[in-house]
Structure formats: C-alpha cells, structure tokens
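For reference, the structure discussed in these notes is given below.
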Amino acid sequence: MSEAPSRVIIDCDPGIDDAIALMLAYASPELDIAGVCTVAGNVGLDQVVDNALRLCDLIGGPAADTPVLRGYAGPLARVPRHPDEPVHGAYGLGGVELPAAGRAAQPGHAVDWMADQIRDRPGEITLIATAPLTNVAALLHAHPDTRTRLTEIVVMGGAAFAPGNTTPAAEFNFHADPEAARYVTEAGVPLRIVGLDVTRRALTPLADAQALIADGAPVTAAAGHMLSHLIERYASRHLVRACAVHDALAVAAVVRPELLEWTPAWVTVECAGEFTRGALVADVHGRTGRPANAKVATGVDADAFRAFLMSRLRGRYGAAGAASSH
C-alpha cells in the first residue's frame, strides 16, 4: 500500500529553474501541491505572478486549478536589488512566451493564505522555498504558531562551502533578502538547505534540453527551450554547455531525499558584512557550541538526479507519456 502524497506549498519566483521545479513537482505523484505562492526575485512581482499562472495553465491537470497567491514585491528591510545580468532572459523564462493564463491570482496575500493552510493541516505541510525568503520570514514572524505546525521547510539557497553566484560569498536568493534568510535559519523550524554546494554538481547538459525540444509536446518543448537559454548563459560564464537547475533539485530533495547527502549544522546568514552580505554560514564542526538547526546538502548523486528529472518530465508531459494517458 503506497503512502499518501506529501502536502506541499511552493514559494517561488519563476524564473527558469523555478519553472522546471514546478513542472517536476506536478510530475511527481508523491506530492500534493496545495498552492503556489510568489515573491519578487528573478523578475519583478507582476511578472513572477504572470509566469506562475501561465506555467500552471501550461502544465494543466491539477496545476490549472492550484491557487496562485501574490506575496511580497521586495525585501522588507532593504531596497530591492535585481540581478545585474538578465540570466533568465525575456519574461524571466528565457524568451519563451507561454499562452496567456485563463485566470488571475487568488485574492489575498500569500503569507496569510499559507498560515491558514498550515493551521488547517498541522504537521502535514512541507514548504518548498525556491526564491528570496521574504514571504517565509514574514510567515514565521507574523504567524509564529506555524513554526510548530510545519513538517519542514526545504530551501534552495545559500552556498555553505562554495563560492556565491551573486557575490563571491553569496547566492542570489539569500543575497536578495539576507535579513529574511537569517530569520528563517534561526526560527527553530525543521529546515533543510539545498545550496550551490550541490546544485552546481548536478548539471543538465545541452543534450537533455535538445531531447526535450525534440519531444515536441508543449511542456517538454517549453522546458527544453528554457533550459537551452540557461545553458547558453552558463556556457558564456563557465565554458560548459550544461546548467544547474537549482530549484528542481530542491523539489527532488522532498521527493527523493536519498539523492543528496545531508550534514547537520548550525546555520545563519551574514547581514552586515561589507563583502559577505547574504553569505550562508554553516558550522558543521561545532565550533560555535550551538546545536544544529538545519541539515545542509553537501553531496549529490548527479547522474541519478539527471535521470530522475528527465524521466519525470518526459514521462508526465512528453509526447509518448501524453499519448499513453489517453
């Protein structure tokens, strides 16, 4: 007898890798997605919301009926900072223009909606956060009772033992709102962190993107074109025709946690450093004398993740998978 699907809320800022993460989540029967919450990050909030709605419509099935909620338009404590380079391209989706959504975002604020969901299903909801942590910090601050009602929070963010991708020390999500990231890490909730330490080791090559495009089905083709854009950006920076799909690995961490190695650590985020603002600090050796408050992903089976991602995308959305479902 199979286990019931895990109830999850996804807090995101689509963004190419968020888009692939949403596709992977809806292709995973192990997950029951309560809603998609949005926050400014890879692009501004209006574009993020529009992208989330278009992606849910494109994915179809339960996704087309999933509530999409508007969250914060920027960090609470700082002036917003946007990426210096258009990593995610036009529309935030690598220039892929998806059909217009047939609905609007659900009324109300994402933070209040999340709190209601968590209170209604205590101990059942996992929050997957693949964006700046503004919404999540606001949730834990304004609704502190949710801290003991969440199953866990799985965060894509930070670089514990690797260079950052926005500054030499900081990953984008944590750099965009370091105060929020620090609040979340120190809030005492069950926490797993999937950072650049592992996402950079689990690359999706150009051949996979081309295979998705060649498949020709609407979702796989869109995914392939988005990934191709990101791969070209990686090629210009890192001289390799492959890209990290950061946020999809965070979804995989919930569905297949054994794909990753987890190291207990006491973690926090630097907010005041002139050159280290947004840096994730992870004490895995007990030098601070503080007990572990998170599990940090420090290893990944890259080949298994690549195979998992492709099999789920093609199996659920590909031409062959779609044909077999009719």
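As shown in the structure tokens, the chain order sets the letters A, B, ...; within each chain, residues go from 1, and ligands are also counted from 1 in the order they appear.
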Residue neighbourhood region 282-290 of chain A, 10 Å, only C-alpha atoms, exclusion window fewer than 2 positions, as a PDB file with C-alpha atoms, in the first residue's frame:
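Saved file around08.pdb follows:
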```pdb
ATOM      1  CA  GLY A 158      22.973  29.741   0.041  1.00  0.00           C
ATOM      2  CA  ALA A 159      26.461  28.435  -0.599  1.00  0.00           C
ATOM      3  CA  ALA A 160      27.876  26.895   2.547  1.00  0.00           C
ATOM      4  CA  PHE A 161      31.258  25.729   1.259  1.00  0.00           C
ATOM      5  CA  THR A 263      25.119  17.186   7.039  1.00  0.00           C
ATOM      6  CA  PRO A 264      23.702  18.569  10.316  1.00  0.00           C
ATOM      7  CA  ALA A 265      24.926  22.097  11.012  1.00  0.00           C
ATOM      8  CA  TRP A 266      24.199  25.254  12.926  1.00  0.00           C
ATOM      9  CA  VAL A 267      23.481  27.833  10.229  1.00  0.00           C
ATOM     10  CA  THR A 268      22.877  31.535   9.968  1.00  0.00           C
ATOM     11  CA  VAL A 269      23.184  34.216   7.278  1.00  0.00           C
ATOM     12  CA  ALA A 279      26.562  34.575   2.877  1.00  0.00           C
ATOM     13  CA  LEU A 280      25.384  31.319   4.432  1.00  0.00           C
ATOM     14  CA  ALA A 292      22.499  22.007  14.696  1.00  0.00           C
ATOM     15  CA  ASN A 293      19.415  23.835  13.435  1.00  0.00           C
ATOM     16  CA  ALA A 294      19.440  22.555   9.856  1.00  0.00           C
ATOM     17  CA  LYS A 295      20.538  19.805   7.541  1.00  0.00           C
ATOM     18  CA  VAL A 296      22.726  21.125   4.733  1.00  0.00           C
TER      19      VAL A 296
END
```
When DSSP is applied to the backbone of this structure, which of region 83-132 of chain A are assigned strand (DSSP E or B)? Write them out as a PyMOL selection string.
chain A and resi 106-109+125-129
Quick one: residues within 12 Å of region 234-237 of chain A, only C-alpha atoms, excluding same-chain residues fewer than 4 positions away - as a list in words?
Glu85, Val87, His88, Asn165, Arg200, Leu203, Thr204, Pro205, Leu206, Leu227, Ser228, His229, Leu230, Arg241, Ala242, Cys243, Ala244 and Val245 of chain A
Val8 (chain A) environment, 6 Å, only C-alpha atoms, sequence neighbours closer than 6 positions dropped, as number ranges by chain
A: 33-34, 125-127
Would you mind exporting N, CA, C and O atoms of the selected residues as an mmCIF file, in the first residue's frame?
```cif
data_model
loop_
_atom_site.group_PDB
_atom_site.id
_atom_site.type_symbol
_atom_site.label_atom_id
_atom_site.label_comp_id
_atom_site.auth_asym_id
_atom_site.auth_seq_id
_atom_site.Cartn_x
_atom_site.Cartn_y
_atom_site.Cartn_z
ATOM 1 N N ILE A 33 0.165 19.304 -4.141
ATOM 2 C CA ILE A 33 0.530 20.723 -4.093
ATOM 3 C C ILE A 33 -0.687 21.554 -3.717
ATOM 4 O O ILE A 33 -1.649 21.673 -4.473
ATOM 5 N N ALA A 34 -0.617 22.142 -2.523
ATOM 6 C CA ALA A 34 -1.736 22.936 -2.010
ATOM 7 C C ALA A 34 -1.843 24.269 -2.720
ATOM 8 O O ALA A 34 -2.952 24.785 -2.936
ATOM 9 N N ILE A 125 2.196 19.801 6.312
ATOM 10 C CA ILE A 125 2.630 20.601 5.161
ATOM 11 C C ILE A 125 4.129 20.865 5.190
ATOM 12 O O ILE A 125 4.689 21.301 6.201
ATOM 13 N N THR A 126 4.762 20.591 4.063
ATOM 14 C CA THR A 126 6.153 20.961 3.816
ATOM 15 C C THR A 126 6.165 22.192 2.913
ATOM 16 O O THR A 126 5.451 22.240 1.916
ATOM 17 N N LEU A 127 6.961 23.165 3.266
ATOM 18 C CA LEU A 127 7.102 24.382 2.471
ATOM 19 C C LEU A 127 8.398 24.289 1.672
ATOM 20 O O LEU A 127 9.481 24.148 2.249
#
```
Per residue of region 118-156 of chain A within 9 Å of region 35-39 of chain A, record the nearest atom pair and its distance in Å to one decimal, counting only C-alpha atoms, with rows in chain order and ascending residue number, as a tab-separated table.
```
residue	atom	partner	partner_atom	distance
A:Ala131	CA	A:Val39	CA	7.1
A:Pro132	CA	A:Val39	CA	7.3
A:Leu133	CA	A:Val39	CA	8.4
A:Thr134	CA	A:Val39	CA	7.4
A:Asn135	CA	A:Val39	CA	6.8
```
For the selection just defined, write its residues with C-alpha atoms to a file, as a CSV table (one decimal), in the first residue's frame.
```csv
chain,number,residue,atom,x,y,z
A,131,ALA,CA,13.1,32.2,-4.0
A,132,PRO,CA,14.2,35.0,-1.7
A,133,LEU,CA,12.8,34.2,1.7
A,134,THR,CA,10.7,37.3,2.3
A,135,ASN,CA,7.4,35.5,2.3
```
Interatomic distance (Å, one decimal) between CA of Leu259 (chain A) and CA of Thr151 (chain A)
19.9 Å
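Straight-line separation from CA of Leu260 (chain A) to CA of Glu152 (chain A): 16.5 Å.
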DSSP on the backbone, then: every residue of region 14-120 of chain A marked alpha helix (DSSP H), written as an NGL selection string.
:A and (16-26 or 45-59 or 110-120)
Using only C-alpha atoms, determine which residues lie at most 10 Å from Ala104 (chain A), disregarding the query and same-chain residues fewer than 3 positions distant; provide the list as a list of chain:residue names.
A:Val49, A:Asp50, A:Leu53, A:Arg54, A:Pro67, A:Val68, A:Leu69, A:Ala101, A:Pro107
Using only C-alpha atoms, which residue out of A:Val281, A:Thr276, A:Pro29, A:Trp262 lies closest to Thr185 (chain A)?
A:Val281
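Within the 12 Å cut-off around Glu258 (chain A), using only C-alpha atoms and omitting residues fewer than 5 positions from it on the same chain, the listed residues are A:Leu249, A:Ala252, A:Ala253, A:Ala297, A:Gly299, A:Val300, A:Asp301, A:Ala302, A:Ala304, A:Phe305.
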How about saving the chosen residues, all heavy atoms kept, as a tab-separated table (two decimals), in the first residue's frame?
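File written: result_33.tsv
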```
chain	number	residue	atom	x	y	z
A	249	LEU	N	16.27	20.77	-7.98
A	249	LEU	CA	16.94	19.88	-7.03
A	249	LEU	C	16.29	20.00	-5.64
A	249	LEU	O	16.24	19.01	-4.91
A	249	LEU	CB	18.43	20.19	-6.96
A	249	LEU	CG	19.28	19.21	-6.16
A	249	LEU	CD1	19.14	17.78	-6.68
A	249	LEU	CD2	20.75	19.62	-6.16
A	252	ALA	N	13.34	17.79	-5.85
A	252	ALA	CA	13.81	16.41	-5.79
A	252	ALA	C	14.20	16.02	-4.37
A	252	ALA	O	14.03	14.86	-3.96
A	252	ALA	CB	15.00	16.21	-6.73
A	253	ALA	N	14.67	16.98	-3.58
A	253	ALA	CA	15.06	16.70	-2.21
A	253	ALA	C	13.88	16.27	-1.35
A	253	ALA	O	14.05	15.54	-0.37
A	253	ALA	CB	15.72	17.93	-1.59
A	297	ALA	N	22.66	20.18	2.50
A	297	ALA	CA	23.05	19.23	1.46
A	297	ALA	C	24.51	19.47	1.10
A	297	ALA	O	24.88	20.57	0.70
A	297	ALA	CB	22.16	19.40	0.24
A	299	GLY	N	26.34	16.72	-0.59
A	299	GLY	CA	26.69	15.80	-1.67
A	299	GLY	C	25.46	15.47	-2.47
A	299	GLY	O	24.34	15.57	-1.97
A	300	VAL	N	25.66	15.07	-3.72
A	300	VAL	CA	24.53	14.74	-4.59
A	300	VAL	C	24.95	13.67	-5.59
A	300	VAL	O	26.09	13.67	-6.06
A	300	VAL	CB	24.01	16.01	-5.32
A	300	VAL	CG1	25.11	16.62	-6.20
A	300	VAL	CG2	22.77	15.70	-6.15
A	301	ASP	N	24.02	12.77	-5.88
A	301	ASP	CA	24.20	11.80	-6.96
A	301	ASP	C	23.73	12.47	-8.25
A	301	ASP	O	22.55	12.42	-8.60
A	301	ASP	CB	23.40	10.54	-6.67
A	301	ASP	CG	23.67	9.42	-7.66
A	301	ASP	OD1	24.06	9.72	-8.80
A	301	ASP	OD2	23.47	8.24	-7.31
A	302	ALA	N	24.66	13.12	-8.92
A	302	ALA	CA	24.31	13.95	-10.07
A	302	ALA	C	23.68	13.15	-11.20
A	302	ALA	O	22.69	13.60	-11.82
A	302	ALA	CB	25.55	14.69	-10.58
A	304	ALA	N	22.00	10.35	-11.00
A	304	ALA	CA	20.66	9.90	-10.62
A	304	ALA	C	19.66	11.06	-10.69
A	304	ALA	O	18.51	10.87	-11.10
A	304	ALA	CB	20.69	9.29	-9.23
A	305	PHE	N	20.09	12.26	-10.29
A	305	PHE	CA	19.19	13.41	-10.38
A	305	PHE	C	18.87	13.74	-11.83
A	305	PHE	O	17.71	13.98	-12.17
A	305	PHE	CB	19.80	14.63	-9.70
A	305	PHE	CG	19.04	15.90	-10.00
A	305	PHE	CD1	17.75	16.08	-9.52
A	305	PHE	CD2	19.59	16.90	-10.80
A	305	PHE	CE1	17.03	17.25	-9.82
A	305	PHE	CE2	18.89	18.04	-11.10
A	305	PHE	CZ	17.60	18.23	-10.60
```
Name the residues in contact with Val255 (chain A) at a cut-off of 9 Å, using only C-alpha atoms, excluding same-chain residues fewer than 3 positions from it; report them as a ChimeraX atom specification.
/A:6,25,28,30-31,251-252,258
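Shortest separation to Asp112 (chain A) among A:Gly224, A:Gly71, A:Pro257, A:Pro163 occurs at residue A:Gly71, atoms counted being only C-alpha atoms.
CA of Val254 (chain A) is positioned 19.9 Å from CA of Ala181 (chain A).
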Find the residue from A:Arg149, A:Arg119, A:His143, A:His246 that sits nearest to Ile193 (chain A); use only C-alpha atoms when measuring.
A:His246
Could you give me, as CSV, a per-residue list for region 219-273 of chain A showing, wherever an atom lies at most 7 Å from an atom of region 93-98 of chain A, the closest pair of atoms and their distance in Å to one decimal, using only C-alpha atoms and sorting by chain then residue number from low to high?
```
residue,atom,partner,partner_atom,distance
A:Ala222,CA,A:Val96,CA,6.8
A:His225,CA,A:Val96,CA,6.9
A:Met226,CA,A:Gly94,CA,5.1
A:His229,CA,A:Gly94,CA,5.4
```
Keeping only all heavy atoms, write the selected residues as an mmCIF file, in the first residue's frame.
```
data_model
loop_
_atom_site.group_PDB
_atom_site.id
_atom_site.type_symbol
_atom_site.label_atom_id
_atom_site.label_comp_id
_atom_site.auth_asym_id
_atom_site.auth_seq_id
_atom_site.Cartn_x
_atom_site.Cartn_y
_atom_site.Cartn_z
ATOM 1 N N ALA A 222 8.696 23.582 -24.085
ATOM 2 C CA ALA A 222 8.939 24.816 -23.334
ATOM 3 C C ALA A 222 10.103 24.636 -22.374
ATOM 4 O O ALA A 222 10.993 25.496 -22.276
ATOM 5 C CB ALA A 222 7.677 25.223 -22.580
ATOM 6 N N HIS A 225 13.432 24.645 -24.324
ATOM 7 C CA HIS A 225 13.853 25.976 -24.780
ATOM 8 C C HIS A 225 14.343 26.833 -23.615
ATOM 9 O O HIS A 225 15.328 27.574 -23.746
ATOM 10 C CB HIS A 225 12.712 26.664 -25.515
ATOM 11 C CG HIS A 225 12.477 26.125 -26.899
ATOM 12 N ND1 HIS A 225 13.402 26.252 -27.924
ATOM 13 C CD2 HIS A 225 11.411 25.461 -27.427
ATOM 14 C CE1 HIS A 225 12.928 25.694 -29.029
ATOM 15 N NE2 HIS A 225 11.733 25.204 -28.751
ATOM 16 N N MET A 226 13.664 26.745 -22.472
ATOM 17 C CA MET A 226 14.121 27.496 -21.305
ATOM 18 C C MET A 226 15.506 27.034 -20.873
ATOM 19 O O MET A 226 16.394 27.847 -20.605
ATOM 20 C CB MET A 226 13.132 27.317 -20.152
ATOM 21 C CG MET A 226 11.784 27.979 -20.338
ATOM 22 S SD MET A 226 10.735 27.646 -18.879
ATOM 23 C CE MET A 226 9.105 27.804 -19.610
ATOM 24 N N HIS A 229 18.304 28.247 -23.119
ATOM 25 C CA HIS A 229 18.712 29.627 -22.823
ATOM 26 C C HIS A 229 19.664 29.654 -21.637
ATOM 27 O O HIS A 229 20.713 30.311 -21.681
ATOM 28 C CB HIS A 229 17.482 30.491 -22.529
ATOM 29 C CG HIS A 229 17.838 31.851 -21.989
ATOM 30 N ND1 HIS A 229 18.077 32.932 -22.803
ATOM 31 C CD2 HIS A 229 18.027 32.289 -20.711
ATOM 32 C CE1 HIS A 229 18.393 33.979 -22.060
ATOM 33 N NE2 HIS A 229 18.367 33.617 -20.787
#
```
